[in-house]
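One file, input.pdb, carrying PDB, C-alpha atoms:
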ATOM      1  CA  MET U   1     -42.071  86.129 -28.923
ATOM      2  CA  LEU U   2     -39.019  86.194 -31.186
ATOM      3  CA  ILE U   3     -37.106  88.144 -28.567
ATOM      4  CA  THR U   4     -38.179  85.688 -25.847
ATOM      5  CA  SER U   5     -36.976  82.698 -27.902
ATOM      6  CA  ILE U   6     -33.578  84.318 -28.477
ATOM      7  CA  LEU U   7     -33.174  84.975 -24.743
ATOM      8  CA  LEU U   8     -34.099  81.381 -23.761
ATOM      9  CA  SER U   9     -31.644  79.972 -26.334
ATOM     10  CA  ALA U  10     -28.821  82.107 -24.967
ATOM     11  CA  CYS U  11     -29.530  81.038 -21.368
ATOM     12  CA  SER U  12     -29.524  77.354 -22.372
ATOM     13  CA  ALA U  13     -26.139  77.685 -24.124
ATOM     14  CA  GLN U  14     -24.686  79.472 -21.106
ATOM     15  CA  ASN U  15     -25.896  76.725 -18.717
ATOM     16  CA  GLN U  16     -24.471  73.961 -20.967
ATOM     17  CA  SER U  17     -21.107  75.748 -21.115
ATOM     18  CA  ALA U  18     -20.999  75.985 -17.340
ATOM     19  CA  SER U  19     -21.880  72.285 -17.026
ATOM     20  CA  ASP U  20     -19.152  71.267 -19.508
ATOM     21  CA  ALA U  21     -16.610  73.311 -17.616
ATOM     22  CA  LYS U  22     -17.605  71.637 -14.355
ATOM     23  CA  ASP U  23     -17.336  68.141 -15.926
ATOM     24  CA  THR U  24     -13.893  68.981 -17.332
ATOM     25  CA  LYS U  25     -12.751  70.178 -13.909
ATOM     26  CA  ASP U  26     -14.053  67.011 -12.257
ATOM     27  CA  ASP U  27     -12.384  64.762 -14.854
ATOM     28  CA  THR U  28      -9.078  66.566 -14.371
ATOM     29  CA  ALA U  29      -9.339  66.032 -10.616
ATOM     30  CA  VAL U  30      -9.929  62.308 -11.090
ATOM     31  CA  ILE U  31      -6.940  61.943 -13.456
ATOM     32  CA  LEU U  32      -4.655  63.809 -11.054
ATOM     33  CA  SER U  33      -5.887  61.629  -8.211
ATOM     34  CA  GLU U  34      -5.180  58.424 -10.165
ATOM     35  CA  LYS U  35      -1.677  59.628 -11.100
ATOM     36  CA  LYS U  36      -0.994  60.374  -7.462
ATOM     37  CA  LYS U  37      -2.016  56.806  -6.561
ATOM     38  CA  GLU U  38       0.244  55.349  -9.276
ATOM     39  CA  ALA U  39       3.187  57.380  -7.967
ATOM     40  CA  THR U  40       2.837  55.794  -4.537
ATOM     41  CA  PRO U  41       4.218  52.214  -4.532
ATOM     42  CA  ARG U  42       2.013  49.597  -2.866
ATOM     43  CA  THR U  43       3.500  46.733  -0.952
ATOM     44  CA  GLU U  44       2.271  43.284  -1.973
ATOM     45  CA  PRO U  45       1.935  40.487   0.577
ATOM     46  CA  GLN U  46       4.605  37.787   0.558
ATOM     47  CA  ILE U  47       3.872  34.870  -1.719
ATOM     48  CA  GLU U  48       5.135  31.545  -0.428
ATOM     49  CA  ASN U  49       5.725  28.614  -2.735
ATOM     50  CA  LYS U  50       5.443  25.708  -0.286
ATOM     51  CA  ASN U  51       6.397  23.151  -2.892
ATOM     52  CA  LYS U  52       9.805  24.727  -3.514
ATOM     53  CA  ASP U  53      10.270  26.480  -0.191
ATOM     54  CA  ALA U  54      10.941  29.688  -2.079
ATOM     55  CA  VAL U  55       9.607  32.926  -0.664
ATOM     56  CA  ILE U  56       9.356  35.755  -3.196
ATOM     57  CA  HIS U  57       9.152  39.334  -1.917
ATOM     58  CA  TYR U  58       7.698  42.165  -4.001
ATOM     59  CA  GLU U  59       8.646  45.628  -2.797
ATOM     60  CA  THR U  60       6.206  47.270  -5.178
ATOM     61  CA  ASN U  61       3.628  46.263  -7.715
ATOM     62  CA  ILE U  62       4.766  48.898 -10.217
ATOM     63  CA  ASP U  63       8.096  48.599 -12.036
ATOM     64  CA  THR U  64       9.997  51.414 -13.764
ATOM     65  CA  THR U  65       7.949  50.994 -16.916
ATOM     66  CA  GLY U  66       4.694  51.467 -15.045
ATOM     67  CA  LYS U  67       3.664  47.836 -15.511
ATOM     68  CA  LYS U  68       2.660  45.439 -12.749
ATOM     69  CA  PRO U  69       5.084  42.489 -12.546
ATOM     70  CA  GLU U  70       3.685  39.040 -13.089
ATOM     71  CA  VAL U  71       3.230  36.913  -9.991
ATOM     72  CA  PRO U  72       4.545  33.371 -10.560
ATOM     73  CA  SER U  73       2.114  30.557  -9.925
ATOM     74  CA  THR U  74       2.653  28.569  -6.743
ATOM     75  CA  ASP U  75       1.150  25.459  -8.331
ATOM     76  CA  THR U  76       3.938  23.210  -9.588
ATOM     77  CA  THR U  77       1.844  20.122 -10.152
ATOM     78  CA  SER U  78       0.982  21.056 -13.705
ATOM     79  CA  SER U  79       4.676  20.919 -14.749
ATOM     80  CA  GLU U  80       5.374  17.577 -13.098
ATOM     81  CA  VAL U  81       5.381  14.639 -15.470
ATOM     82  CA  PRO U  82       4.015  11.436 -13.886
ATOM     83  CA  ILE U  83       6.522   8.577 -13.851
ATOM     84  CA  LYS U  84       5.211   5.526 -15.652
ATOM     85  CA  LYS U  85       5.021   2.314 -13.627
ATOM     86  CA  THR U  86       7.362   0.074 -15.601
ATOM     87  CA  TYR U  87       8.456  -2.291 -12.813
ATOM     88  CA  HIS U  88       6.903  -4.405 -10.085
ATOM     89  CA  MET U  89       8.200  -6.369  -7.113
ATOM     90  CA  ASN U  90       7.758 -10.117  -6.831
ATOM     91  CA  SER U  91       7.179 -12.232  -3.715
ATOM     92  CA  SER U  92      10.942 -12.497  -3.150
ATOM     93  CA  TYR U  93      11.250  -8.679  -3.094
ATOM     94  CA  VAL U  94      13.069  -8.669  -6.430
ATOM     95  CA  ILE U  95      12.328  -5.832  -8.878
ATOM     96  CA  LYS U  96      11.024  -7.110 -12.202
ATOM     97  CA  PRO U  97      10.237  -5.320 -15.491
ATOM     98  CA  ASN U  98       6.606  -5.259 -16.553
ATOM     99  CA  ASP U  99       7.445  -6.176 -20.137
ATOM    100  CA  GLU U 100      10.343  -7.229 -22.329
ATOM    101  CA  SER U 101      10.983  -3.706 -23.564
ATOM    102  CA  THR U 102      12.005  -2.576 -20.061
ATOM    103  CA  PRO U 103      15.603  -3.297 -18.909
ATOM    104  CA  ALA U 104      15.891  -6.150 -16.407
ATOM    105  CA  LYS U 105      19.443  -5.375 -15.260
ATOM    106  CA  VAL U 106      18.505  -2.837 -12.615
ATOM    107  CA  VAL U 107      19.033  -2.499  -8.884
ATOM    108  CA  LEU U 108      16.957  -0.732  -6.247
ATOM    109  CA  LEU U 109      19.035   1.316  -3.789
ATOM    110  CA  THR U 110      17.750   1.685  -0.224
ATOM    111  CA  PHE U 111      19.088   3.120   3.039
ATOM    112  CA  ASP U 112      17.550   2.260   6.426
ATOM    113  CA  ASP U 113      17.463   3.625   9.982
ATOM    114  CA  GLY U 114      17.733   7.357   9.326
ATOM    115  CA  PRO U 115      17.774  10.209   9.342
ATOM    116  CA  LYS U 116      20.841  10.524  11.563
ATOM    117  CA  ASP U 117      23.552  12.863  10.343
ATOM    118  CA  GLU U 118      23.382  15.767   7.897
ATOM    119  CA  LYS U 119      26.922  15.341   6.584
ATOM    120  CA  MET U 120      26.482  11.625   5.876
ATOM    121  CA  ILE U 121      23.089  12.097   4.221
ATOM    122  CA  ASN U 122      24.389  14.868   1.991
ATOM    123  CA  SER U 123      27.375  12.754   1.001
ATOM    124  CA  LEU U 124      25.108   9.842   0.076
ATOM    125  CA  MET U 125      22.884  12.125  -1.973
ATOM    126  CA  ASP U 126      25.866  13.784  -3.678
ATOM    127  CA  THR U 127      26.974  10.352  -4.862
ATOM    128  CA  LEU U 128      23.462   9.431  -5.959
ATOM    129  CA  ASP U 129      23.243  12.673  -7.946
ATOM    130  CA  LYS U 130      26.620  11.957  -9.543
ATOM    131  CA  HIS U 131      25.271   8.646 -10.850
ATOM    132  CA  HIS U 132      21.792  10.025 -11.662
ATOM    133  CA  ALA U 133      20.326   7.548  -9.184
ATOM    134  CA  LYS U 134      17.293   7.612  -6.898
ATOM    135  CA  ALA U 135      17.016   5.711  -3.628
ATOM    136  CA  ILE U 136      14.500   5.051  -0.884
ATOM    137  CA  PHE U 137      15.494   6.420   2.516
ATOM    138  CA  PHE U 138      13.544   4.310   5.010
ATOM    139  CA  VAL U 139      13.164   6.514   8.089
ATOM    140  CA  ASN U 140      12.231   5.895  11.719
ATOM    141  CA  GLY U 141       9.608   8.213  13.182
ATOM    142  CA  ASN U 142      11.505   8.858  16.401
ATOM    143  CA  ARG U 143      14.527  10.063  14.426
ATOM    144  CA  VAL U 144      12.348  12.232  12.183
ATOM    145  CA  LYS U 145      10.800  13.838  15.252
ATOM    146  CA  ARG U 146      14.259  14.756  16.582
ATOM    147  CA  GLN U 147      15.589  16.087  13.274
ATOM    148  CA  PRO U 148      12.747  16.989  10.915
ATOM    149  CA  LYS U 149      15.034  19.211   8.838
ATOM    150  CA  LEU U 150      16.975  16.138   7.708
ATOM    151  CA  LEU U 151      13.811  14.507   6.374
ATOM    152  CA  LYS U 152      12.940  17.696   4.521
ATOM    153  CA  MET U 153      16.464  17.862   3.106
ATOM    154  CA  ILE U 154      16.160  14.352   1.641
ATOM    155  CA  HIS U 155      12.804  15.229   0.092
ATOM    156  CA  ASP U 156      14.003  18.592  -1.232
ATOM    157  CA  ARG U 157      16.890  16.870  -2.995
ATOM    158  CA  ASP U 158      14.384  14.704  -4.855
ATOM    159  CA  GLN U 159      15.093  11.424  -3.112
ATOM    160  CA  ILE U 160      12.300   9.149  -1.895
ATOM    161  CA  ILE U 161      11.109   8.739   1.687
ATOM    162  CA  GLY U 162      10.111   5.298   2.977
ATOM    163  CA  ASN U 163       8.437   4.231   6.231
ATOM    164  CA  HIS U 164      10.604   2.145   8.612
ATOM    165  CA  ALA U 165       8.228   2.242  11.629
ATOM    166  CA  TRP U 166       8.319   4.706  14.493
ATOM    167  CA  ASP U 167      10.810   2.776  16.637
ATOM    168  CA  HIS U 168      13.395   0.323  15.412
ATOM    169  CA  GLU U 169      11.773  -2.613  17.191
ATOM    170  CA  ASP U 170      10.487  -6.008  16.134
ATOM    171  CA  LEU U 171       6.909  -5.339  15.037
ATOM    172  CA  GLN U 172       6.135  -9.049  14.941
ATOM    173  CA  LYS U 173       6.409  -9.133  18.733
ATOM    174  CA  MET U 174       3.807  -6.365  19.137
ATOM    175  CA  SER U 175       0.034  -6.576  19.128
ATOM    176  CA  SER U 176      -1.650  -5.781  15.824
ATOM    177  CA  SER U 177      -2.837  -2.398  17.107
ATOM    178  CA  GLU U 178       0.615  -1.462  18.433
ATOM    179  CA  ALA U 179       2.310  -2.453  15.189
ATOM    180  CA  LYS U 180      -0.243  -0.539  13.147
ATOM    181  CA  LYS U 181       0.386   2.591  15.222
ATOM    182  CA  GLN U 182       4.113   2.224  14.497
ATOM    183  CA  VAL U 183       3.190   2.475  10.824
ATOM    184  CA  THR U 184       0.538   5.188  10.867
ATOM    185  CA  ASP U 185       2.436   7.529  13.184
ATOM    186  CA  VAL U 186       5.284   7.661  10.682
ATOM    187  CA  GLN U 187       2.844   8.301   7.852
ATOM    188  CA  GLN U 188       1.446  11.286   9.726
ATOM    189  CA  ILE U 189       4.702  12.934  10.785
ATOM    190  CA  VAL U 190       6.180  12.600   7.301
ATOM    191  CA  LYS U 191       3.082  14.141   5.762
ATOM    192  CA  ASP U 192       3.196  16.990   8.279
ATOM    193  CA  ILE U 193       6.781  17.798   7.270
ATOM    194  CA  ILE U 194       6.911  17.257   3.502
ATOM    195  CA  GLY U 195       3.222  17.280   2.573
ATOM    196  CA  GLU U 196       2.956  13.693   1.369
ATOM    197  CA  LYS U 197       2.964  10.207   2.845
ATOM    198  CA  PRO U 198       5.532   7.476   2.109
ATOM    199  CA  GLN U 199       4.587   4.858  -0.455
ATOM    200  CA  PHE U 200       7.093   2.192   0.612
ATOM    201  CA  PHE U 201       7.394   0.293   3.895
ATOM    202  CA  ARG U 202      10.158  -1.873   5.301
ATOM    203  CA  PRO U 203       9.813  -3.424   8.773
ATOM    204  CA  PRO U 204      12.811  -3.234  11.127
ATOM    205  CA  PHE U 205      14.876  -6.440  10.891
ATOM    206  CA  GLY U 206      12.614  -7.470   8.004
ATOM    207  CA  SER U 207      10.287  -8.909  10.638
ATOM    208  CA  GLY U 208       6.546  -8.810  10.016
ATOM    209  CA  ASN U 209       3.351 -10.828   9.669
ATOM    210  CA  GLU U 210       0.097 -10.819   7.752
ATOM    211  CA  ALA U 211      -1.580  -8.349  10.118
ATOM    212  CA  LEU U 212       1.282  -5.909   9.573
ATOM    213  CA  LYS U 213       1.107  -6.383   5.818
ATOM    214  CA  ASP U 214      -2.610  -5.624   5.923
ATOM    215  CA  ALA U 215      -1.967  -2.411   7.895
ATOM    216  CA  VAL U 216       0.662  -1.362   5.363
ATOM    217  CA  LYS U 217      -1.688  -2.098   2.465
ATOM    218  CA  GLU U 218      -4.410   0.029   4.088
ATOM    219  CA  GLU U 219      -1.970   2.945   3.940
ATOM    220  CA  GLY U 220      -1.439   2.369   0.216
ATOM    221  CA  MET U 221       2.193   1.331   0.629
ATOM    222  CA  LEU U 222       4.299  -1.423  -0.906
ATOM    223  CA  TYR U 223       5.623  -3.787   1.768
ATOM    224  CA  MET U 224       9.178  -5.024   1.230
ATOM    225  CA  THR U 225      12.262  -6.406   2.898
ATOM    226  CA  TRP U 226      15.274  -6.937   0.566
ATOM    227  CA  SER U 227      16.945  -9.431  -1.757
ATOM    228  CA  ASN U 228      20.556  -8.229  -1.476
ATOM    229  CA  GLY U 229      21.984  -7.350   1.938
ATOM    230  CA  SER U 230      25.194  -5.348   2.070
ATOM    231  CA  LEU U 231      25.764  -6.475   5.687
ATOM    232  CA  ASP U 232      27.041  -2.972   6.381
ATOM    233  CA  TRP U 233      25.386  -3.268   9.808
ATOM    234  CA  ASP U 234      27.435  -6.331  10.752
ATOM    235  CA  LYS U 235      30.599  -5.992  12.830
ATOM    236  CA  SER U 236      32.526  -7.788  10.072
ATOM    237  CA  THR U 237      32.070  -4.764   7.788
ATOM    238  CA  LYS U 238      32.617  -1.973  10.297
ATOM    239  CA  ASN U 239      35.070   0.527   8.818
ATOM    240  CA  ARG U 240      35.396  -1.781   5.778
ATOM    241  CA  PRO U 241      33.979  -0.081   2.668
ATOM    242  CA  ASP U 242      35.602  -2.763   0.528
ATOM    243  CA  LYS U 243      33.679  -5.440   2.399
ATOM    244  CA  VAL U 244      30.379  -3.614   1.864
ATOM    245  CA  ILE U 245      31.066  -3.511  -1.875
ATOM    246  CA  GLN U 246      32.048  -7.165  -2.068
ATOM    247  CA  ASN U 247      28.979  -8.298  -0.139
ATOM    248  CA  VAL U 248      26.692  -6.558  -2.639
ATOM    249  CA  LEU U 249      28.564  -7.905  -5.663
ATOM    250  CA  ASP U 250      28.530 -11.449  -4.273
ATOM    251  CA  GLN U 251      24.715 -11.371  -4.128
ATOM    252  CA  LEU U 252      24.155  -9.337  -7.278
ATOM    253  CA  HIS U 253      21.283 -10.361  -9.550
ATOM    254  CA  PRO U 254      18.955  -8.506 -11.928
ATOM    255  CA  GLY U 255      16.415  -6.632  -9.845
ATOM    256  CA  SER U 256      18.532  -6.637  -6.679
ATOM    257  CA  ASN U 257      16.762  -4.851  -3.830
ATOM    258  CA  ILE U 258      19.877  -3.659  -2.000
ATOM    259  CA  LEU U 259      19.755  -2.968   1.739
ATOM    260  CA  MET U 260      22.231  -0.403   3.051
ATOM    261  CA  HIS U 261      22.366   2.017   5.969
ATOM    262  CA  GLU U 262      23.389   5.536   6.815
ATOM    263  CA  LEU U 263      26.853   4.543   8.075
ATOM    264  CA  PRO U 264      30.295   6.108   7.507
ATOM    265  CA  TRP U 265      31.769   3.067   5.733
ATOM    266  CA  THR U 266      28.716   2.786   3.497
ATOM    267  CA  VAL U 267      29.082   6.454   2.594
ATOM    268  CA  ASP U 268      32.726   5.761   1.677
ATOM    269  CA  ALA U 269      31.795   2.682  -0.357
ATOM    270  CA  LEU U 270      28.878   4.068  -2.364
ATOM    271  CA  ASP U 271      30.640   5.826  -5.242
ATOM    272  CA  GLU U 272      32.854   2.858  -6.086
ATOM    273  CA  LEU U 273      29.934   0.458  -5.679
ATOM    274  CA  LEU U 274      27.698   2.360  -8.083
ATOM    275  CA  THR U 275      30.579   2.702 -10.555
ATOM    276  CA  LEU U 276      31.169  -1.066 -10.516
ATOM    277  CA  LEU U 277      27.459  -1.762 -10.941
ATOM    278  CA  GLU U 278      27.353   0.524 -13.986
ATOM    279  CA  LYS U 279      30.409  -1.238 -15.459
ATOM    280  CA  LYS U 280      28.534  -4.527 -15.115
ATOM    281  CA  GLY U 281      25.678  -3.075 -17.156
ATOM    282  CA  TYR U 282      23.299  -2.272 -14.309
ATOM    283  CA  SER U 283      21.221   0.873 -13.962
ATOM    284  CA  PHE U 284      19.329   2.266 -10.994
ATOM    285  CA  VAL U 285      15.575   1.934 -10.977
ATOM    286  CA  ASP U 286      13.612   4.978  -9.894
ATOM    287  CA  PRO U 287      11.445   3.772  -6.971
ATOM    288  CA  ARG U 288       8.560   5.833  -8.321
ATOM    289  CA  ALA U 289       8.501   3.561 -11.374
ATOM    290  CA  ILE U 290       7.626   0.532  -9.197
ATOM    291  CA  GLU U 291       4.012  -0.555  -8.802
ATOM    292  CA  LEU U 292       2.678  -0.358  -5.254
ATOM    293  CA  GLN U 293       1.394  -3.934  -5.292
ATOM    294  CA  SER U 294       3.659  -6.951  -5.531
ATOM    295  CA  ARG U 295       2.907  -9.763  -7.977
TER     296      ARG U 295
END
Transcribe the structure of this file into structure tokens.
Amino acid sequence: MLITSILLSACSAQNQSASDAKDTKDDTAVILSEKKKEATPRTEPQIENKNKDAVIHYETNIDTTGKKPEVPSTDTTSSEVPIKKTYHMNSSYVIKPNDESTPAKVVLLTFDDGPKDEKMINSLMDTLDKHHAKAIFFVNGNRVKRQPKLLKMIHDRDQIIGNHAWDHEDLQKMSSSEAKKQVTDVQQIVKDIIGEKPQFFRPPFGSGNEALKDAVKEEGMLYMTWSNGSLDWDKSTKNRPDKVIQNVLDQLHPGSNILMHELPWTVDALDELLTLLEKKGYSFVDPRAIELQSR
């Protein structure tokens, strides 16, 4: 029996040794396989940041240090700071501070009837950037449909899009349903292009009625005309930047809601106009700081 026990013990040790060797061989094969996979770069899919229109391409997910690069988040909403509503518009379309701690000597800058021309729009926005100013660009749907890239350009440069109806026609002369469609069609095409709907509405010619105002309110927009007209659309100011400037200054008051257009002489007048306004102690209200209900 002693001899039998010795023989069984030896066989068991031999079998365990063979099993360990097999496991070691298998583990080595797995490690070599994993290293082979790491040595072969893998192509990642493109990641598109729709908010910034930036497309980032990754050729490989392994850098020279063997680490996987971080993929930036496409969600920019978390870094955006909401703009506090510190102003409101009264029944005369004048911009008023909500309390005494907010400056009253401000003007609201607006441009109607676009988008028309890339060079003119860029020039207007260059001047606005120079003066750290924001403006509402009230657009017509038919023009947006023809040149959607211009709408996107305005939005991408952090200016504000407003709704100026689909066609530049007198909405007061239309049926309620026709006028409403002029409003909602612009809301839809703007959202399709930039991902958000306008929050401000101005009727062509400043012509509207209660039914139109109700349709605008249903869309969550602030209805406005203006309180300071540059008359840049009038034949008396054609090719007269100095006249555009003087017209605005003649009507200037705290909270001026200034109506201008995408016109060559307005483009030429804008820098001097904004400079003169600043010298008079005025600043430029950010439209996003205005409440969406008048009072």
Quick one: residues within 12 Å of Asp234 of chain U, all atoms listed in the file counted, chain neighbours fewer than 6 positions away excluded, as a PDB file with C-alpha atoms, keeping the file's coordinate frame?
ATOM      1  CA  ARG U 240      35.396  -1.781   5.778  1.00  0.00           C
ATOM      2  CA  LYS U 243      33.679  -5.440   2.399  1.00  0.00           C
ATOM      3  CA  VAL U 244      30.379  -3.614   1.864  1.00  0.00           C
ATOM      4  CA  ASN U 247      28.979  -8.298  -0.139  1.00  0.00           C
ATOM      5  CA  MET U 260      22.231  -0.403   3.051  1.00  0.00           C
ATOM      6  CA  HIS U 261      22.366   2.017   5.969  1.00  0.00           C
ATOM      7  CA  LEU U 263      26.853   4.543   8.075  1.00  0.00           C
ATOM      8  CA  TRP U 265      31.769   3.067   5.733  1.00  0.00           C
ATOM      9  CA  THR U 266      28.716   2.786   3.497  1.00  0.00           C
TER      10      THR U 266
END
Picked residues, the PyMOL selection byres ((chain U and resi 289) around 9), expected as a list in words: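 Selected by the PyMOL selection byres ((chain U and resi 289) around 9) in this file: Ile83, Lys84, Lys85, Thr86, Tyr87, His88, Val285, Asp286, Pro287, Arg288, Ile290 and Glu291 of chain U.
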Residue neighbourhood Tyr93 of chain U, 8 Å, all atoms listed in the file, exclusion window fewer than 5 positions, as a PyMOL selection string: chain U and resi 224-227+257
Neighbour list for segment 268-273 of chain U as a PyMOL selection string, cut-off 9 Å, all atoms listed in the file, skip fewer than 3 positions in-chain: chain U and resi 123-124+127-128+130-131+240-246+248-249+263-265+276-278
Residues near Ile161 of chain U, cut-off 9 Å, all atoms listed in the file, skip fewer than 6 positions along chain, as a ChimeraX atom specification: /U:135-139,151,154-155,190,197-200
Grab the residues selected above and save them as a PDB file, in the frame of the given file with C-alpha atoms.
ATOM      1  CA  ALA U 135      17.016   5.711  -3.628  1.00  0.00           C
ATOM      2  CA  ILE U 136      14.500   5.051  -0.884  1.00  0.00           C
ATOM      3  CA  PHE U 137      15.494   6.420   2.516  1.00  0.00           C
ATOM      4  CA  PHE U 138      13.544   4.310   5.010  1.00  0.00           C
ATOM      5  CA  VAL U 139      13.164   6.514   8.089  1.00  0.00           C
ATOM      6  CA  LEU U 151      13.811  14.507   6.374  1.00  0.00           C
ATOM      7  CA  ILE U 154      16.160  14.352   1.641  1.00  0.00           C
ATOM      8  CA  HIS U 155      12.804  15.229   0.092  1.00  0.00           C
ATOM      9  CA  VAL U 190       6.180  12.600   7.301  1.00  0.00           C
ATOM     10  CA  LYS U 197       2.964  10.207   2.845  1.00  0.00           C
ATOM     11  CA  PRO U 198       5.532   7.476   2.109  1.00  0.00           C
ATOM     12  CA  GLN U 199       4.587   4.858  -0.455  1.00  0.00           C
ATOM     13  CA  PHE U 200       7.093   2.192   0.612  1.00  0.00           C
TER      14      PHE U 200
END
Coordinates of box centre and edge lengths for segment 234-239 of chain U, 4 Å on every side, axis-aligned, as lines of an AutoDock Vina configuration file:
center_x = 31.3
center_y = -3.6
center_z = 10.3
size_x = 15.6
size_y = 16.3
size_z = 13.0
Length of the atom CA of Lys96 of chain U to atom CA of Leu222 of chain U vector [Å]: 14.3 Å
Computed interatomic separation between atom CA of Glu262 of chain U and atom CA of Val107 of chain U (Å): 18.2 Å
Please report, as CSV, each residue of segment 82-118 of chain U lying at most 12 Å from segment 203-210 of chain U, together with the nearest pair of atoms and the separation in Å rounded to one decimal; use all atoms listed in the file, and order rows by chain and ascending residue number.
residue,atom,partner,partner_atom,distance
U:Tyr93,CA,U:Gly206,CA,11.2
U:Asp112,CA,U:Pro204,CA,8.6
U:Asp113,CA,U:Pro204,CA,8.4
U:Gly114,CA,U:Pro204,CA,11.8
Radius query 8 Å about (13.0, 9.2, 13.5), atoms used: only C-alpha atoms, as a PyMOL selection string: chain U and resi 113-115+139-147+166-167
Atom CA of Met221 of chain U to atom CA of Leu274 of chain U, straight-line distance in Å: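 Straight-line distance from atom CA of Leu274 of chain U to atom CA of Met221 of chain U works out to 27.0 Å.
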For Ala104 of chain U, the nearest of the candidates U:Met120, U:Ser236, U:Ser283, U:His132, counting only C-alpha atoms: U:Ser283
